[in-house]
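Enquirer: Here it is, the structure, as C-alpha cells.
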Amino acid sequence: MTLSDSQRILIAVRRLVRLLRLYDRAAQSGLGLSAAQLFVLYELGKTPALSLGALAERTHTDQSSVSVVVTRLVEAGLVERQRAQDDARRLVLTLTRAGRAALQKAPPVAQEQLLEIVGSLPAAERKRFADAFTHIVDEMGGGPAPMLFEDNGESKENSHKNERTRPRTRRNQ
C-alpha cells in the first residue's frame, strides 16, 4: 500500500509526538524532571552562567516560558540565581552541584537532538520545512508555545478555554 503525502505527514507527526512523550517520561522517571527542565539544565551546563534572556535564546523560547521552568529548577535546588561578577545589577543562572549531578545522570535531551537534526538539513530545505510546518500549526490555531511539556502554570481545563490555544475547528474558524 502506498501512502499519500498527507498520510505520511500525519504518521510522522504522530511518531514525533510519541517520541517526545517518551523522552519526557524518561526524564520524569529517571530524574523527576520534565523534558523542558532537562533541556534548561543541559543549556546551563554548556555555559557557567547565563542570563534569563540568553537562556531563552538558547532554548528558542520566550523569557516568560523559560522563567517558569527556571523557577521550578531553583525550587528543586538544581539551579541558583546569582549576581553577575561583572555587573552586580544583573542576575545569572548557574547549575548547583545537584544540578550538575542530575545532568550527569540525564537521558538524552530530545530538543537538542531535534535541533541538531534540523540544523543538519540544507538551508533551503530547512526553510521550506519551517515555512510549511509553521503554516500548518498556524492554520490549526496554534498560539504561543511554552517549552515542551510545560503548561506555564495553566491547568489543563483552563488551557482549552483560552482562545489563543484552542484548536481551530470548522466551527470556530
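By convention here, the chains of the C-alpha cells are called A, B, ... in the order presented, each chain's residues are numbered starting at 1, and ligands are numbered starting at 1 in the order presented.
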Which parts of chain A does DSSP call helix (DSSP H, G or I) when run on the backbone here, written out as an MDAnalysis selection string?
Expert: chainID A and resid 5:31 35:46 52:58 63:75 97:105 110:119 123:139 156:159 163:165
Enquirer: Write out as a list in words each polymer residue whose atoms come within 8 Å of range 99-108 of chain A, counting only C-alpha atoms; drop sequence neighbours fewer than 2 positions from it.
Expert: Tyr23, Ala26, Ala27, Gly30, Leu31, Leu38, Leu41, Tyr42, Gly45, Gly77, Leu78, Val79, Leu95, Thr96, Arg97, Ala110 and Gln113 of chain A
Enquirer: Got time to write the residues from that selection, N, CA and C atoms, as a compact mmCIF listing (two decimals), in the first residue's frame?
Expert:
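Here's the written file again.txt:
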```
# COMPACT_ATOMS: atom_id res chain seq x y z
N TYR A 23 10.65 10.68 25.58
CA TYR A 23 11.77 11.43 26.16
C TYR A 23 11.35 12.10 27.46
N ALA A 26 11.07 9.51 30.17
CA ALA A 26 12.40 9.07 30.60
C ALA A 26 13.00 10.08 31.57
N ALA A 27 12.85 11.36 31.27
CA ALA A 27 13.36 12.40 32.18
C ALA A 27 12.59 12.37 33.49
N GLY A 30 13.54 8.99 35.36
CA GLY A 30 14.95 8.93 35.74
C GLY A 30 15.37 10.00 36.72
N LEU A 31 14.83 11.21 36.55
CA LEU A 31 15.29 12.34 37.36
C LEU A 31 14.17 13.10 38.06
N LEU A 38 14.94 19.43 31.79
CA LEU A 38 16.19 18.80 31.38
C LEU A 38 16.89 19.62 30.29
N LEU A 41 18.53 22.54 31.97
CA LEU A 41 19.76 22.10 32.66
C LEU A 41 20.89 21.88 31.65
N TYR A 42 20.55 21.23 30.54
CA TYR A 42 21.55 20.96 29.50
C TYR A 42 22.15 22.26 28.98
N GLY A 45 24.35 23.80 31.48
CA GLY A 45 25.58 23.03 31.64
C GLY A 45 26.64 23.37 30.61
N GLY A 77 16.43 23.02 43.84
CA GLY A 77 17.84 23.08 44.24
C GLY A 77 18.81 22.69 43.15
N LEU A 78 18.37 22.72 41.89
CA LEU A 78 19.24 22.33 40.78
C LEU A 78 19.88 23.53 40.07
N VAL A 79 19.28 24.70 40.25
CA VAL A 79 19.78 25.94 39.63
C VAL A 79 19.74 27.02 40.70
N LEU A 95 24.19 26.23 37.42
CA LEU A 95 23.83 24.92 37.96
C LEU A 95 24.42 24.79 39.36
N THR A 96 23.68 24.18 40.24
CA THR A 96 24.21 23.82 41.55
C THR A 96 24.95 22.49 41.42
N ARG A 97 25.57 22.06 42.48
CA ARG A 97 26.22 20.74 42.47
C ARG A 97 25.18 19.66 42.15
N ALA A 110 15.75 15.53 24.13
CA ALA A 110 15.00 15.48 22.87
C ALA A 110 15.16 16.75 22.04
N GLN A 113 18.52 17.00 20.32
CA GLN A 113 18.61 16.10 19.17
C GLN A 113 17.81 16.65 17.99
```
Enquirer: Between A:Met1, A:Ile9, A:Leu44, A:Ala36, which residue has the minimum interatomic distance to Val109 in chain A, considering only C-alpha atoms?
Expert: A:Ala36
Enquirer: Using only C-alpha atoms, which residue out of A:Thr2, A:Thr61, A:Gln111, A:Thr94 lies closest to Ser34 in chain A?
Expert: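 Under the stated criterion, the closest residue is A:Gln111.
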Enquirer: Show me, as a ChimeraX atom specification, the residues that have an atom within 12 Å of Gln85 in chain A when counting only C-alpha atoms, minus same-chain residues fewer than 4 positions from it.
Expert: /A:48-50,89-93
Enquirer: Take the selection from the previous step and output its residues with N, CA and C atoms, as a tab-separated table (two decimals), in the first residue's frame.
Expert:
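Written output follows (again.tsv):
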```
chain	number	residue	atom	x	y	z
A	48	PRO	N	28.93	28.42	32.08
A	48	PRO	CA	28.90	28.54	33.54
A	48	PRO	C	27.79	29.44	34.10
A	49	ALA	N	27.49	30.54	33.42
A	49	ALA	CA	26.48	31.46	33.95
A	49	ALA	C	25.77	32.15	32.78
A	50	LEU	N	24.46	32.05	32.77
A	50	LEU	CA	23.66	32.66	31.70
A	50	LEU	C	22.59	33.55	32.29
A	89	ARG	N	24.18	44.36	39.07
A	89	ARG	CA	22.75	44.62	38.81
A	89	ARG	C	22.11	43.48	38.04
A	90	ARG	N	22.94	42.64	37.42
A	90	ARG	CA	22.43	41.58	36.54
A	90	ARG	C	22.46	40.23	37.25
A	91	LEU	N	21.36	39.46	37.07
A	91	LEU	CA	21.30	38.11	37.63
A	91	LEU	C	21.70	37.10	36.56
A	92	VAL	N	22.42	36.08	36.99
A	92	VAL	CA	22.77	34.98	36.10
A	92	VAL	C	22.32	33.68	36.75
A	93	LEU	N	22.13	32.69	35.91
A	93	LEU	CA	21.70	31.38	36.36
A	93	LEU	C	22.87	30.41	36.25
```
Enquirer: As a list in words, please: the residues near Ser64 in chain A (cut-off 10 Å, only C-alpha atoms, same-chain neighbours under 5 positions excluded).
Expert: Leu52, Gly53, Ala56, Val69, Val70, Pro146 and Asn152 of chain A
Enquirer: What gap, in Å, lies between CA of Val68 in chain A and CA of Leu55 in chain A?
Expert: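 Spanning CA of Val68 in chain A to CA of Leu55 in chain A is a straight-line distance of 12.3 Å.
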Enquirer: Mind listing the strand (DSSP E or B) residues of range 3-172 of chain A, per DSSP on the backbone, as a list in words?
Expert: Leu50, Val79, Glu80, Arg81, Gln82, Arg83, Leu91, Val92, Leu93, Thr94 and Leu95 of chain A
Enquirer: Those residues you just picked out, can you put them in a file as a PDB file, in the first residue's frame with C-alpha atoms?
Expert:
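Output saved as selection08.pdb:
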```
ATOM      1  CA  LEU A  50      23.664  32.656  31.703  1.00  0.00           C
ATOM      2  CA  VAL A  79      19.776  25.937  39.633  1.00  0.00           C
ATOM      3  CA  GLU A  80      20.632  29.096  41.509  1.00  0.00           C
ATOM      4  CA  ARG A  81      20.317  32.764  40.679  1.00  0.00           C
ATOM      5  CA  GLN A  82      23.435  34.811  41.401  1.00  0.00           C
ATOM      6  CA  ARG A  83      24.667  38.325  40.778  1.00  0.00           C
ATOM      7  CA  LEU A  91      21.300  38.112  37.630  1.00  0.00           C
ATOM      8  CA  VAL A  92      22.768  34.979  36.096  1.00  0.00           C
ATOM      9  CA  LEU A  93      21.700  31.376  36.360  1.00  0.00           C
ATOM     10  CA  THR A  94      24.116  28.614  37.275  1.00  0.00           C
ATOM     11  CA  LEU A  95      23.834  24.921  37.965  1.00  0.00           C
TER      12      LEU A  95
END
```
Enquirer: May I ask for the distance between CA of Asp24 in chain A and CA of Val66 in chain A, given in Å to one decimal place?
Expert: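 It comes out at 16.6 Å.
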